[in-house]
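Chemist: Once you've had a glance at the structure underneath, I'll fire off some questions.
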Amino acid sequence: MAIRLEQIETYVLSVIEDRRQDVGARWLSRLLLALSWLYRGIVQSRLFLYRHGVIRHHSLGCQVISIGNLTVGGTGKTPIAEAFARALVKQGRKVAILSRGYKSESPPFWQKVLHMVRRVDWDPPRVVSDGHSLLLDSASSGDEPFMLASNLPNVVVIVNKNRVKAGRYAVKKFGCDTLLLDDGFQYMALKHRLDLVLVDRTNPFGNRQMLPRGILREPVRNIKRASYLFITKSRTSGEPDLRAELRALNPTAEIIECRHSAKKLQDVFSRDQHPLEKLRDLPIAAISGIAQPKGFEDELVRLGAKLLYHKRFADHHRYSQLEIIEFINKSLERGAQAIVTTEKDAVRFPNIERRDLPMYFLRVEIELLSGVEDFYGCIQRICFR
């Protein structure tokens, strides 16, 4: 069933990106366009109701900062959330990251019914990390929350679709005074003090159509709500054209340019660390289930690896043992001496006995290219109101 859903998702994505021109694709494209106009109306109506107080925001009496974007897909929120959390902890803040836990396992239907009968909350906040220990695996929490919890030992990470509930729990149970909403730009129920919006330089707004015909969650003009704009995957030379467009859309937000920089290799299973130089001239195979795999593969080549074979799965794909073993076999056939994946994929790997090839993931961190003062100014603004 999961494989079938992934196939449908891949086909729809190919239609959205105009990579298919057959009759079925053209009809589906028209249907998706009609649905996107309906979706646009719903999104704008919802924002209108919040803006005019018809639907009320909740306030928890603490700092709430959202990190999000206008589009679906990989703009690189997780490394930026990690960088913000680290900087805030250094300033003495008690930080919790609140995530909806996209594609995490939810309780079975019978358990939900039983809890409703007993009048018990069937979906309590799930604590991925209490700021000291990892308490859940990636299947129960979701890829990004598990990654953040693994890399941020002093930060509380909580998963729940209702982030008002999760925020209350973080404040009451752990005494948190700063809440980071992972993927929170569209989450209006909890009042934000600052909105950090990420824009992917390689594909800022897709075809500029709303879901499901495009990748926009809301119209481009709504970026005017942002307090800070991060241009991700930037080049060292800068992005003057995109900066100019963003400045026209939002005259007041600070604009920061950054890129996701590979720092080291880590073993998928032992977590042993290795320098990136290990990749130079190394024949490898790459496997990934992320929104934009080409950028990952290009980075491996840039680091000097000889990419002999690669396999791409749908975003958030949860690997089976059979899939990994088959990939190992094909990698060996092509002469690969190692397998490399992303950190996000590594948390979804099953534990396998066969270790014919070493398996690594790229450890990536955020690197600020411009607007460094604005970044630290944002931290000071959060910490010292």
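Quick note on naming: the chains in the structure tokens go A, B, ... in the order shown, residues restart at 1 in each chain, and ligands are numbered from 1 in order of appearance.
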Can you tell me, as a compact mmCIF listing (two decimals) with N, CA and C atoms, in the first residue's frame, what residues are no more than 9 Å from A:Tyr11 when counting only C-alpha atoms, ignoring any on the same chain fewer than 4 positions away?

Modeler:
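Output saved as selection-v1.txt:
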# COMPACT_ATOMS: atom_id res chain seq x y z
N GLU A 6 3.35 5.94 -2.88
CA GLU A 6 4.55 6.63 -3.35
C GLU A 6 4.55 6.76 -4.87
N GLN A 7 4.08 5.72 -5.57
CA GLN A 7 4.02 5.77 -7.03
C GLN A 7 3.05 6.86 -7.49
N VAL A 15 3.56 15.57 -12.97
CA VAL A 15 2.57 16.43 -13.64
C VAL A 15 2.73 17.87 -13.18
N ILE A 16 2.92 18.06 -11.86
CA ILE A 16 3.11 19.41 -11.32
C ILE A 16 4.31 20.08 -11.96
N ARG A 20 5.45 15.50 -17.72
CA ARG A 20 4.63 14.56 -18.49
C ARG A 20 3.66 15.34 -19.36
N ALA A 25 -2.03 13.12 -18.27
CA ALA A 25 -1.33 14.16 -17.51
C ALA A 25 -1.97 15.53 -17.74

Chemist: Identify all residues of stretch 77-217 of chain A in helix (DSSP H, G or I) (DSSP on the backbone) and supply them as an MDAnalysis selection string.

Modeler: chainID A and resid 77:90 109:117 138:141 143:151 163:174

Chemist: Restricting the calculation to only C-alpha atoms: of A:Arg168, A:Arg348, A:Lys311, A:Arg318, which residue gets closest to A:Ser331?

Modeler: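 The answer is A:Lys311, which sits nearest to A:Ser331.
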
Chemist: Give me the residues within 8 Å of stretch 190-198 of chain A as a count of residues only, counting only C-alpha atoms and dropping any in the same chain fewer than 2 places off.

Modeler: 29

Chemist: Atom CA of A:Thr71 and atom CA of A:Ile215 are how many Å apart?

Modeler: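 Distance reported for this atom pair: 5.2 Å.
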
Chemist: Extract, using only C-alpha atoms, all DNA, RNA and protein residues at most 7 Å from stretch 170-176 of chain A, discarding same-chain residues fewer than 6 positions from it, and format them as a ChimeraX atom specification.

Modeler: /A:94-96

Chemist: I need the strand (DSSP E) residues of stretch 286-350 of chain A per DSSP on the backbone, written as a tab-separated table (two decimals) with C-alpha atoms, in the first residue's frame.

Modeler:
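Writing done, so here's part.tsv:
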chain	number	residue	atom	x	y	z
A	286	ALA	CA	24.13	7.06	-3.24
A	287	ILE	CA	20.64	6.36	-1.93
A	288	SER	CA	18.09	8.95	-0.84
A	306	LYS	CA	33.07	8.92	-8.01
A	307	LEU	CA	29.30	8.39	-8.12
A	308	LEU	CA	28.82	5.05	-9.88
A	309	TYR	CA	25.19	4.37	-8.99
A	310	HIS	CA	22.30	6.16	-7.32
A	311	LYS	CA	18.74	5.28	-6.38
A	312	ARG	CA	16.00	7.74	-5.45
A	338	ALA	CA	30.96	2.67	0.00
A	339	ILE	CA	27.32	3.78	0.24
A	340	VAL	CA	26.44	7.38	1.12
A	341	THR	CA	23.03	8.75	2.10
A	342	THR	CA	21.63	11.86	3.82

Chemist: So how many Å separate atom CA of A:Gln337 and atom CA of A:His317, to one decimal?

Modeler: 24.2 Å

Chemist: Each residue of stretch 240-338 of chain A with at least one atom at most 12 Å from stretch 217-220 of chain A should appear once, together with its nearest atom pair and the corresponding distance in Å (one decimal); atoms considered: only C-alpha atoms; ordering: chain, then increasing residue number; output as a tab-separated table.

Modeler:
residue	atom	partner	partner_atom	distance
A:Glu245	CA	A:Val220	CA	10.7
A:Leu246	CA	A:Val220	CA	9.7
A:Ala248	CA	A:Val220	CA	11.4
A:Leu249	CA	A:Val220	CA	8.1
A:Asn250	CA	A:Val220	CA	10.4

Chemist: Can you work out which one of A:Ile42, A:Ala83, A:Val347, A:Val301 has the shortest atom-to-atom distance to A:Glu144, counting only C-alpha atoms?

Modeler: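 Among the listed residues, A:Val347 lies closest to A:Glu144.
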
Chemist: With distances taken over only C-alpha atoms, which residue among A:Leu38, A:Leu13, A:Leu357, A:Leu98 lies nearest A:Pro125?

Modeler: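 Closest residue, counting only C-alpha atoms: A:Leu98.
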
Chemist: What separation in Å, quoted to one decimal, exists between atom CA of A:Gly335 and atom CA of A:Pro283?

Modeler: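 Pair atom CA of A:Gly335 / atom CA of A:Pro283 returns 7.1 Å.
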